[in-house]
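Text of the file run07.cif, holding mmCIF, C-alpha atoms:
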data_model
loop_
_atom_site.label_atom_id
_atom_site.label_comp_id
_atom_site.auth_asym_id
_atom_site.auth_seq_id
_atom_site.Cartn_x
_atom_site.Cartn_y
_atom_site.Cartn_z
CA MET A 1 169.17 51.14 121.35
CA PRO A 2 166.33 53.58 121.75
CA PRO A 3 164.02 53.74 118.75
CA ALA A 4 164.74 56.40 116.17
CA PRO A 5 162.57 59.49 116.52
CA PRO A 6 159.71 59.67 114.05
CA PRO A 7 160.37 61.73 110.95
CA ALA A 8 159.30 65.33 111.06
CA PRO A 9 155.95 65.94 109.41
CA PRO A 10 156.17 67.49 105.94
CA PRO A 11 155.64 71.24 105.77
CA PRO A 12 152.10 72.29 104.92
CA PRO A 13 151.57 72.92 101.19
CA LEU A 14 151.70 76.43 99.83
CA THR A 15 148.28 77.86 99.04
CA ILE A 16 146.99 80.55 96.69
CA VAL A 17 144.78 83.40 97.92
CA ASP A 18 142.92 85.55 95.38
CA THR A 19 142.04 88.54 97.54
CA CYS A 20 143.87 91.71 98.52
CA PRO A 21 145.79 91.24 101.77
CA ALA A 22 143.95 92.27 104.93
CA ASP A 23 147.24 93.41 106.51
CA PRO A 24 149.21 95.82 104.27
CA GLY A 25 152.04 95.72 106.81
CA ALA A 26 152.58 91.97 106.33
CA PHE A 27 152.41 92.42 102.58
CA ALA A 28 154.99 95.24 102.74
CA ASP A 29 157.30 93.14 104.95
CA ALA A 30 157.23 90.31 102.40
CA ALA A 31 157.85 92.72 99.52
CA ARG A 32 160.83 94.33 101.27
CA ARG A 33 162.34 90.90 101.95
CA ALA A 34 161.81 89.87 98.34
CA PHE A 35 163.33 93.00 96.82
CA GLY A 36 166.05 93.34 99.44
CA ARG A 37 165.50 97.03 100.06
CA ASP A 38 163.27 99.52 101.84
CA ARG A 39 161.89 102.28 99.63
CA PRO A 40 158.77 104.49 99.83
CA GLU A 41 156.92 102.40 97.25
CA LEU A 42 157.31 99.35 99.54
CA ALA A 43 155.68 101.01 102.57
CA PRO A 44 152.40 99.60 104.00
CA GLY A 45 150.55 102.82 103.28
CA HIS A 46 151.53 102.71 99.62
CA PHE A 47 150.30 99.14 99.22
CA ALA A 48 147.05 99.94 101.01
CA TRP A 49 146.53 102.81 98.57
CA LYS A 50 147.51 100.78 95.52
CA HIS A 51 145.25 97.84 96.37
CA ARG A 52 142.21 99.77 97.54
CA VAL A 53 142.23 103.48 96.68
CA GLY A 54 144.69 104.82 94.13
CA MET A 55 144.12 102.34 91.32
CA PRO A 56 141.22 100.28 90.00
CA PRO A 57 140.86 97.11 92.11
CA PRO A 58 143.66 94.77 91.03
CA ARG A 59 143.35 91.11 90.19
CA LEU A 60 145.81 89.95 92.82
CA VAL A 61 147.11 86.51 93.73
CA SER A 62 149.22 85.77 96.80
CA LEU A 63 151.25 82.66 97.55
CA MET A 64 150.86 81.74 101.21
CA ASP A 65 152.93 79.57 103.55
CA GLY A 66 150.38 79.03 106.29
CA ASP A 67 149.31 82.55 107.18
CA ARG A 68 152.49 84.20 105.80
CA ILE A 69 152.66 85.91 102.42
CA VAL A 70 155.67 84.53 100.53
CA GLY A 71 154.84 85.68 97.00
CA SER A 72 152.47 87.87 95.05
CA ALA A 73 151.51 89.20 91.64
CA ALA A 74 148.78 91.59 90.54
CA ILE A 75 147.19 92.93 87.38
CA VAL A 76 145.89 96.51 87.51
CA HIS A 77 143.15 97.45 85.03
CA ARG A 78 144.09 99.99 82.37
CA ARG A 79 142.63 101.27 79.09
CA LEU A 80 144.91 101.15 76.07
CA ARG A 81 144.26 103.17 72.92
CA GLN A 82 145.22 101.55 69.62
CA GLY A 83 144.10 103.71 66.71
CA ASP A 84 140.34 104.20 66.98
CA ALA A 85 139.93 101.31 69.42
CA LEU A 86 140.07 101.33 73.21
CA LEU A 87 141.29 98.00 74.60
CA GLN A 88 140.83 96.73 78.13
CA ALA A 89 144.37 96.03 79.35
CA GLY A 90 146.23 95.20 82.52
CA GLU A 91 149.56 96.22 84.04
CA LEU A 92 151.52 93.48 85.82
CA VAL A 93 152.75 94.83 89.18
CA ASP A 94 153.98 93.66 92.59
CA LEU A 95 155.46 90.39 91.32
CA PHE A 96 157.75 88.90 93.95
CA LEU A 97 158.79 85.78 95.88
CA VAL A 98 160.71 85.85 99.16
CA PRO A 99 164.21 84.29 98.88
CA GLU A 100 163.44 80.97 100.60
CA HIS A 101 160.54 80.24 98.20
CA ARG A 102 162.17 80.86 94.83
CA GLY A 103 162.23 77.24 93.73
CA PHE A 104 160.78 76.29 90.37
CA ALA A 105 157.62 74.76 91.87
CA ALA A 106 156.68 77.97 93.73
CA VAL A 107 157.45 80.13 90.70
CA ARG A 108 155.35 77.94 88.43
CA ARG A 109 152.47 77.86 90.89
CA LEU A 110 152.37 81.65 91.28
CA TYR A 111 152.45 82.24 87.53
CA ALA A 112 149.83 79.53 86.91
CA ALA A 113 147.48 81.23 89.38
CA LEU A 114 148.09 84.60 87.75
CA ASP A 115 147.47 83.17 84.29
CA ARG A 116 144.16 81.69 85.49
CA ARG A 117 143.12 85.07 86.81
CA LEU A 118 143.87 86.59 83.40
CA ARG A 119 141.86 83.93 81.60
CA ASP A 120 138.95 84.48 83.98
CA ALA A 121 138.81 88.11 82.80
CA PRO A 122 138.35 87.77 79.02
CA ALA A 123 137.69 91.50 78.65
CA SER A 124 141.42 92.15 79.11
CA ARG A 125 142.87 91.93 75.60
CA ALA A 126 146.42 92.98 76.49
CA ILE A 127 148.83 93.01 79.41
CA TYR A 128 152.10 94.86 79.87
CA ALA A 129 154.90 94.91 82.40
CA LEU A 130 158.14 96.71 83.21
CA PRO A 131 160.06 93.73 84.66
CA ASN A 132 163.31 93.59 86.57
CA PRO A 133 166.07 91.33 85.18
CA ASN A 134 164.91 88.39 87.31
CA SER A 135 161.26 88.43 86.27
CA LYS A 136 161.82 89.26 82.59
CA PRO A 137 162.61 85.67 81.45
CA LEU A 138 159.89 84.28 83.74
CA ASN A 139 157.29 86.60 82.20
CA ALA A 140 158.35 85.42 78.76
CA ARG A 141 158.21 81.73 79.71
CA PHE A 142 155.04 81.56 81.76
CA LEU A 143 152.93 84.46 80.42
CA LYS A 144 154.34 84.67 76.86
CA LEU A 145 155.18 88.36 77.24
CA ALA A 146 157.40 89.70 74.47
CA ASP A 147 159.94 92.54 74.65
CA THR A 148 158.32 95.55 72.97
CA LEU A 149 160.21 98.69 74.07
CA SER A 150 163.65 99.44 75.49
CA LEU A 151 163.84 102.65 77.53
CA THR A 152 167.21 104.15 78.44
CA PRO A 153 167.37 106.37 81.56
CA ARG A 154 168.20 109.98 80.74
CA LEU A 155 169.67 112.66 83.01
CA GLY A 156 169.57 116.42 82.63
CA ILE A 157 169.84 119.78 84.38
CA GLY A 158 166.88 122.13 84.59
CA SER A 159 167.33 125.85 83.99
CA PRO A 160 167.68 127.76 87.27
CA VAL A 161 165.95 130.85 85.81
CA ALA A 162 162.63 131.30 84.05
CA GLY A 163 162.73 132.23 80.39
CA ARG A 164 160.20 133.88 78.11
CA HIS A 165 157.82 130.90 78.23
CA THR A 166 155.04 131.08 80.81
CA VAL A 167 154.73 127.91 82.88
CA ARG A 168 152.25 127.53 85.74
CA SER A 169 153.29 125.08 88.46
CA ARG A 170 150.79 123.68 90.95
CA THR A 171 150.19 120.68 93.21
CA LEU A 172 147.18 118.38 93.10
CA HIS A 173 145.66 120.35 96.00
CA ASP A 174 145.23 123.40 93.76
CA PRO A 175 141.61 123.61 92.49
CA ALA A 176 142.95 124.45 89.02
CA ALA A 177 144.62 121.02 88.84
CA ASP A 178 141.31 119.48 87.79
CA GLU A 179 141.26 121.70 84.71
CA ASP A 180 144.82 120.64 83.86
CA LEU A 181 143.98 116.93 84.16
CA ALA A 182 140.86 117.35 82.03
CA ALA A 183 142.98 119.04 79.34
CA VAL A 184 145.42 116.12 79.38
CA ALA A 185 142.58 113.64 78.85
CA ARG A 186 141.47 115.62 75.78
CA TRP A 187 145.01 115.85 74.42
CA LEU A 188 145.44 112.05 74.62
CA GLU A 189 142.56 111.36 72.23
CA GLY A 190 144.07 109.66 69.19
CA VAL A 191 147.41 108.95 70.92
CA ASP A 192 148.37 105.27 70.99
CA GLY A 193 149.22 104.22 74.53
CA ILE A 194 147.63 104.33 77.99
CA ALA A 195 144.32 106.21 77.70
CA TRP A 196 144.13 108.26 80.89
CA THR A 197 140.95 109.97 82.01
CA ALA A 198 141.05 112.97 84.33
CA ASP A 199 139.72 110.89 87.25
CA ALA A 200 142.19 108.05 86.60
CA LEU A 201 145.07 110.52 86.52
CA ARG A 202 144.02 112.07 89.82
CA ASP A 203 143.78 108.63 91.42
CA ARG A 204 147.17 107.67 89.97
CA LEU A 205 148.75 110.80 91.47
CA SER A 206 147.22 110.36 94.93
CA SER A 207 149.89 107.98 96.26
CA PRO A 208 150.78 108.68 99.91
CA ALA A 209 154.39 107.64 99.18
CA PHE A 210 155.22 110.42 96.72
CA GLY A 211 154.38 114.03 96.00
CA TYR A 212 153.53 115.23 92.50
CA ALA A 213 153.31 118.58 90.76
CA LEU A 214 151.86 119.76 87.45
CA HIS A 215 153.64 122.27 85.19
CA ARG A 216 151.55 123.61 82.32
CA SER A 217 152.32 125.90 79.42
CA ASP A 218 150.22 126.73 76.37
CA THR A 219 151.64 123.73 74.51
CA GLY A 220 152.22 121.02 77.12
CA LEU A 221 151.97 119.73 80.66
CA LEU A 222 154.71 117.97 82.62
CA VAL A 223 154.07 115.79 85.69
CA SER A 224 156.99 115.76 88.14
CA SER A 225 157.85 114.10 91.44
CA PRO A 226 160.82 114.55 93.83
CA ARG A 227 162.80 111.32 94.18
CA ARG A 228 166.26 110.02 95.06
CA GLU A 229 168.49 108.10 92.61
CA ARG A 230 171.82 106.71 93.72
CA GLY A 231 171.52 108.87 96.82
CA LEU A 232 171.05 112.08 94.80
CA PRO A 233 167.93 114.26 95.07
CA VAL A 234 166.41 114.45 91.59
CA VAL A 235 163.16 115.35 89.86
CA LEU A 236 161.50 112.39 88.14
CA VAL A 237 159.81 113.47 84.93
CA CYS A 238 156.79 111.20 85.22
CA ALA A 239 155.11 112.24 81.97
CA VAL A 240 154.99 114.97 79.35
CA PHE A 241 151.61 115.53 77.71
CA VAL A 242 151.50 117.62 74.55
CA ALA A 243 148.63 119.65 73.10
CA PRO A 244 147.48 118.44 69.66
CA GLY A 245 149.44 119.79 66.72
CA ALA A 246 153.15 119.87 66.04
CA PRO A 247 155.67 118.09 68.30
CA LEU A 248 156.62 120.03 71.42
CA PRO A 249 159.63 122.23 70.49
CA ARG A 250 162.85 121.84 72.45
CA ALA A 251 162.55 125.34 73.93
CA ASP A 252 159.04 124.62 75.25
CA LEU A 253 160.24 121.36 76.81
CA ARG A 254 163.22 123.10 78.42
CA ALA A 255 160.81 125.62 79.97
CA LEU A 256 158.69 122.84 81.48
CA LEU A 257 161.77 120.99 82.78
CA GLY A 258 163.21 124.16 84.31
CA ALA A 259 159.91 124.96 86.03
CA ALA A 260 159.79 121.45 87.52
CA CYS A 261 163.35 121.63 88.85
CA ARG A 262 162.81 125.07 90.34
CA HIS A 263 159.53 124.00 91.92
CA HIS A 264 161.18 121.07 93.73
CA ARG A 265 164.48 122.96 94.29
CA ARG A 266 166.45 120.15 92.70
CA PRO A 267 168.66 120.91 89.69
CA LEU A 268 168.83 117.37 88.24
CA PHE A 269 166.01 115.55 86.49
CA VAL A 270 165.65 111.93 85.36
CA TYR A 271 163.49 110.73 82.48
CA VAL A 272 162.70 107.17 81.40
CA GLY A 273 160.29 106.82 78.54
CA LEU A 274 159.19 107.18 74.96
CA ASN A 275 157.18 110.13 73.61
CA ARG A 276 156.76 110.72 69.89
CA ALA A 277 155.12 114.10 70.54
CA LEU A 278 158.46 115.57 71.69
CA ALA A 279 160.92 117.07 69.24
CA ALA A 280 163.65 115.55 71.46
CA LEU A 281 163.56 113.46 74.64
CA PRO A 282 164.56 115.19 77.89
CA GLY A 283 168.17 114.98 79.05
CA HIS A 284 170.99 112.78 77.80
CA PRO A 285 171.24 108.96 77.79
CA LEU A 286 172.97 107.67 80.87
CA PRO A 287 172.33 103.91 81.11
CA GLY A 288 174.34 103.46 84.31
CA PHE A 289 172.42 105.99 86.38
CA ALA A 290 168.80 105.11 87.14
CA GLY A 291 168.86 101.40 87.85
CA GLY A 292 172.01 100.65 85.88
CA ARG A 293 170.47 99.46 82.62
CA ALA A 294 167.79 100.10 80.02
CA LYS A 295 164.22 99.30 81.07
CA THR A 296 162.31 96.76 79.01
CA VAL A 297 158.56 96.97 78.42
CA GLN A 298 156.98 93.57 77.79
CA THR A 299 153.53 93.13 76.28
CA ARG A 300 151.09 90.43 75.21
CA LEU A 301 147.93 90.69 73.15
CA ALA A 302 145.07 88.23 73.32
CA GLN A 303 145.53 85.25 71.04
CA ASP A 304 142.98 86.45 68.50
CA ASP A 305 144.94 89.66 67.86
CA ARG A 306 147.65 89.64 65.23
CA ASN A 307 148.99 93.20 65.29
CA PRO A 308 151.68 94.17 67.85
CA LEU A 309 150.93 96.88 70.37
CA ARG A 310 151.85 100.41 69.29
CA PHE A 311 152.96 103.16 71.65
CA ASP A 312 153.15 106.85 70.78
CA ARG A 313 154.07 107.48 74.40
CA PHE A 314 155.06 105.30 77.36
CA GLU A 315 156.53 107.05 80.40
CA ALA A 316 157.14 106.52 84.11
CA LEU A 317 153.54 107.45 85.00
CA ASP A 318 152.26 104.58 82.85
CA CYS A 319 154.01 101.96 84.99
CA ASP A 320 155.37 101.40 88.49
CA LEU A 321 158.36 103.71 87.90
CA GLY A 322 156.22 106.80 88.41
#

Would you give me this structure, written as C-alpha cells?
Amino acid sequence: MPPAPPPAPPPPPLTIVDTCPADPGAFADAARRAFGRDRPELAPGHFAWKHRVGMPPPRLVSLMDGDRIVGSAAIVHRRLRQGDALLQAGELVDLFLVPEHRGFAAVRRLYAALDRRLRDAPASRAIYALPNPNSKPLNARFLKLADTLSLTPRLGIGSPVAGRHTVRSRTLHDPAADEDLAAVARWLEGVDGIAWTADALRDRLSSPAFGYALHRSDTGLLVSSPRRERGLPVVLVCAVFVAPGAPLPRADLRALLGAACRHHRRPLFVYVGLNRALAALPGHPLPGFAGGRAKTVQTRLAQDDRNPLRFDRFEALDCDLG
C-alpha cells in the first residue's frame, strides 16, 4: 500500500493588529460579512472617515487570519460630563467577527486585546456601548459592561405646514451652521452626558455616508438625517438640544419635528433616545419598528469610581445609531 499522505499543516495562528486598517475596502468587506447586510454605514468611505477624519483617532484592534481581517473592535474617544466633572470616556464601536471565526477562542482573544488597549489608556475613566443582541452578553462577560439605559424606538408624523413658531433649517454647508453648533456647546454646559464641543459636533456630522441638517428655534435645535427603516423613507431625529431654562414645550418640539420632516420631504420621523430637557419625547413607542426591540446602553466606570453614570440626555448622535 502506498504510504498515507502527510497530515495537512495546521492553519497559521490568528494575530492581533493594533493599527487602523490600511485598506478601508477590506475592512468594509469583513464588516458586511459579519453583519450580514450592506448599509451606508458599512461602506469603505464611511470607515475611512470614521477611522481617520470624522472622529478622534480610535483605539482599534483587528483580528487577522494571515492578511485578512476577520474581526475588529474600536474605542472612540469622548468627553463625558458628570456634574461639575469632565471625564475622559470611550465609545465601543465596530465590534464584529466574521461567521467562520466566532468560536470562543477568537472571541476571547479579540476582547482580551481590546481590554489591554483600554488598560493602556488610563485616562479613560468610562466606556459605553450600544450593543446588538449578540455582543451584549459578551460585553458584560469580558468587559464588565452593565446595562444602564433602555431606549425604545419611537415613530411619529411631522406637521406638513409651518405653525407660528419660527424654525430656521440649514445644512452644514451654511456658514451660519457654525453659530448653531457653538450655541449647542454652550447649552450643554451642566448637562450630564456626552459633552460635545462645536468642533467635535462638526466632525461628527461630516460623515460621507449620511446627510445632516440643523433646525433651530429660539428654544432648541434639532439635528436630523434622512434614512430608511424597514424600507420606508424616514427622518432620523439624531439629537434635540435645548436652551437652558425650562424643558422644551411640546409645541416647540412639534415645530422642530415638522421643520425637519418638511426639509427632507419625508413625513415620518424616528427617535431613539433619552432627553430630560424635553417635556415629552418625540413620537410614540413602537418597539417593533426600528430594529425590532429596545436598544440597551451599556456602561462601565473605572474601578476606583463608585457612582453609576448619569445621563440627562443620550440620543442617536451620541452613538453609532446617528

Item to check | Distance query Arg108 of chain A at most 12 Å, all atoms listed in the file, self and fewer than 4 positions along chain excluded, as a list in words | outcome: Leu63, Gly71, Leu97, His101, Arg102, Gly103, Phe104, Ala112, Ala113, Leu114, Asp115, Leu138, Asn139, Arg141, Phe142 and Leu143 of chain A

Item to check | Matched chain/residue IDs from the PyMOL selection byres ((chain A and resi 128) around 8), as a PyMOL selection string | outcome: chain A and resi 89-92+126-127+129-130+145+297-300

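We find atom CA of Leu188 of chain A and atom CA of Arg313 of chain A to be spaced 9.8 Å apart.
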
Checklist entry - With distances taken over all atoms listed in the file, which of A:Thr152, A:Gln82, A:Ser135, A:Ser124 is nearest to Val107 of chain A? => result A:Ser135

Next on the checklist: Please determine, counting all atoms listed in the file, which residue among A:Gly231, A:Pro244, A:Leu149, A:Leu205 has the shortest atom-to-atom distance to Arg186 of chain A.
Outcome noted: A:Pro244

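Shortest separation to Val270 of chain A among A:Asp147, A:Ile157, A:Asp38, A:Thr15 occurs at residue A:Ile157, atoms counted being only C-alpha atoms.
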
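As for atom CA of Arg170 of chain A and atom CA of Gly156 of chain A, they are spaced 21.8 Å apart.
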
Kindly complete segment 263-283 of chain A to N, CA and C atoms; the output should be written as a PDB file, in the coordinates of the input.
ATOM      1  N   HIS A 263     160.616 124.254  90.979  1.00  0.00           N
ATOM      2  CA  HIS A 263     159.530 124.000  91.920  1.00  0.00           C
ATOM      3  C   HIS A 263     159.987 123.084  93.053  1.00  0.00           C
ATOM      4  N   HIS A 264     160.727 122.036  92.719  1.00  0.00           N
ATOM      5  CA  HIS A 264     161.180 121.070  93.730  1.00  0.00           C
ATOM      6  C   HIS A 264     162.549 121.440  94.324  1.00  0.00           C
ATOM      7  N   ARG A 265     163.160 122.492  93.817  1.00  0.00           N
ATOM      8  CA  ARG A 265     164.480 122.960  94.290  1.00  0.00           C
ATOM      9  C   ARG A 265     165.522 121.847  94.157  1.00  0.00           C
ATOM     10  N   ARG A 266     165.481 121.195  93.014  1.00  0.00           N
ATOM     11  CA  ARG A 266     166.450 120.150  92.700  1.00  0.00           C
ATOM     12  C   ARG A 266     166.911 120.375  91.260  1.00  0.00           C
ATOM     13  N   PRO A 267     168.204 120.549  91.036  1.00  0.00           N
ATOM     14  CA  PRO A 267     168.660 120.910  89.690  1.00  0.00           C
ATOM     15  C   PRO A 267     168.647 119.765  88.690  1.00  0.00           C
ATOM     16  N   LEU A 268     168.738 118.517  89.152  1.00  0.00           N
ATOM     17  CA  LEU A 268     168.830 117.370  88.240  1.00  0.00           C
ATOM     18  C   LEU A 268     167.453 116.749  88.021  1.00  0.00           C
ATOM     19  N   PHE A 269     167.225 116.307  86.771  1.00  0.00           N
ATOM     20  CA  PHE A 269     166.010 115.550  86.490  1.00  0.00           C
ATOM     21  C   PHE A 269     166.381 114.236  85.807  1.00  0.00           C
ATOM     22  N   VAL A 270     165.494 113.249  85.980  1.00  0.00           N
ATOM     23  CA  VAL A 270     165.650 111.930  85.360  1.00  0.00           C
ATOM     24  C   VAL A 270     164.397 111.651  84.540  1.00  0.00           C
ATOM     25  N   TYR A 271     164.609 111.087  83.360  1.00  0.00           N
ATOM     26  CA  TYR A 271     163.490 110.730  82.480  1.00  0.00           C
ATOM     27  C   TYR A 271     163.715 109.326  81.950  1.00  0.00           C
ATOM     28  N   VAL A 272     162.680 108.502  82.004  1.00  0.00           N
ATOM     29  CA  VAL A 272     162.700 107.170  81.400  1.00  0.00           C
ATOM     30  C   VAL A 272     161.414 107.028  80.616  1.00  0.00           C
ATOM     31  N   GLY A 273     161.522 106.960  79.293  1.00  0.00           N
ATOM     32  CA  GLY A 273     160.290 106.820  78.540  1.00  0.00           C
ATOM     33  C   GLY A 273     160.462 107.006  77.047  1.00  0.00           C
ATOM     34  N   LEU A 274     159.325 106.951  76.389  1.00  0.00           N
ATOM     35  CA  LEU A 274     159.190 107.180  74.960  1.00  0.00           C
ATOM     36  C   LEU A 274     158.056 108.162  74.757  1.00  0.00           C
ATOM     37  N   ASN A 275     158.249 109.167  73.893  1.00  0.00           N
ATOM     38  CA  ASN A 275     157.180 110.130  73.610  1.00  0.00           C
ATOM     39  C   ASN A 275     157.416 110.711  72.229  1.00  0.00           C
ATOM     40  N   ARG A 276     156.581 110.277  71.279  1.00  0.00           N
ATOM     41  CA  ARG A 276     156.760 110.720  69.890  1.00  0.00           C
ATOM     42  C   ARG A 276     156.242 112.134  69.660  1.00  0.00           C
ATOM     43  N   ALA A 277     155.600 112.731  70.678  1.00  0.00           N
ATOM     44  CA  ALA A 277     155.120 114.100  70.540  1.00  0.00           C
ATOM     45  C   ALA A 277     156.170 115.125  70.949  1.00  0.00           C
ATOM     46  N   LEU A 278     157.373 114.669  71.318  1.00  0.00           N
ATOM     47  CA  LEU A 278     158.460 115.570  71.690  1.00  0.00           C
ATOM     48  C   LEU A 278     159.448 115.672  70.544  1.00  0.00           C
ATOM     49  N   ALA A 279     159.898 116.897  70.265  1.00  0.00           N
ATOM     50  CA  ALA A 279     160.920 117.070  69.240  1.00  0.00           C
ATOM     51  C   ALA A 279     162.214 116.366  69.636  1.00  0.00           C
ATOM     52  N   ALA A 280     162.486 116.282  70.938  1.00  0.00           N
ATOM     53  CA  ALA A 280     163.650 115.550  71.460  1.00  0.00           C
ATOM     54  C   ALA A 280     163.304 115.096  72.871  1.00  0.00           C
ATOM     55  N   LEU A 281     163.805 113.932  73.282  1.00  0.00           N
ATOM     56  CA  LEU A 281     163.560 113.460  74.640  1.00  0.00           C
ATOM     57  C   LEU A 281     164.341 114.286  75.642  1.00  0.00           C
ATOM     58  N   PRO A 282     163.853 114.406  76.874  1.00  0.00           N
ATOM     59  CA  PRO A 282     164.560 115.190  77.890  1.00  0.00           C
ATOM     60  C   PRO A 282     165.907 114.579  78.254  1.00  0.00           C
ATOM     61  N   GLY A 283     166.898 115.426  78.504  1.00  0.00           N
ATOM     62  CA  GLY A 283     168.170 114.980  79.050  1.00  0.00           C
ATOM     63  C   GLY A 283     169.030 114.213  78.053  1.00  0.00           C
TER      64      GLY A 283
END
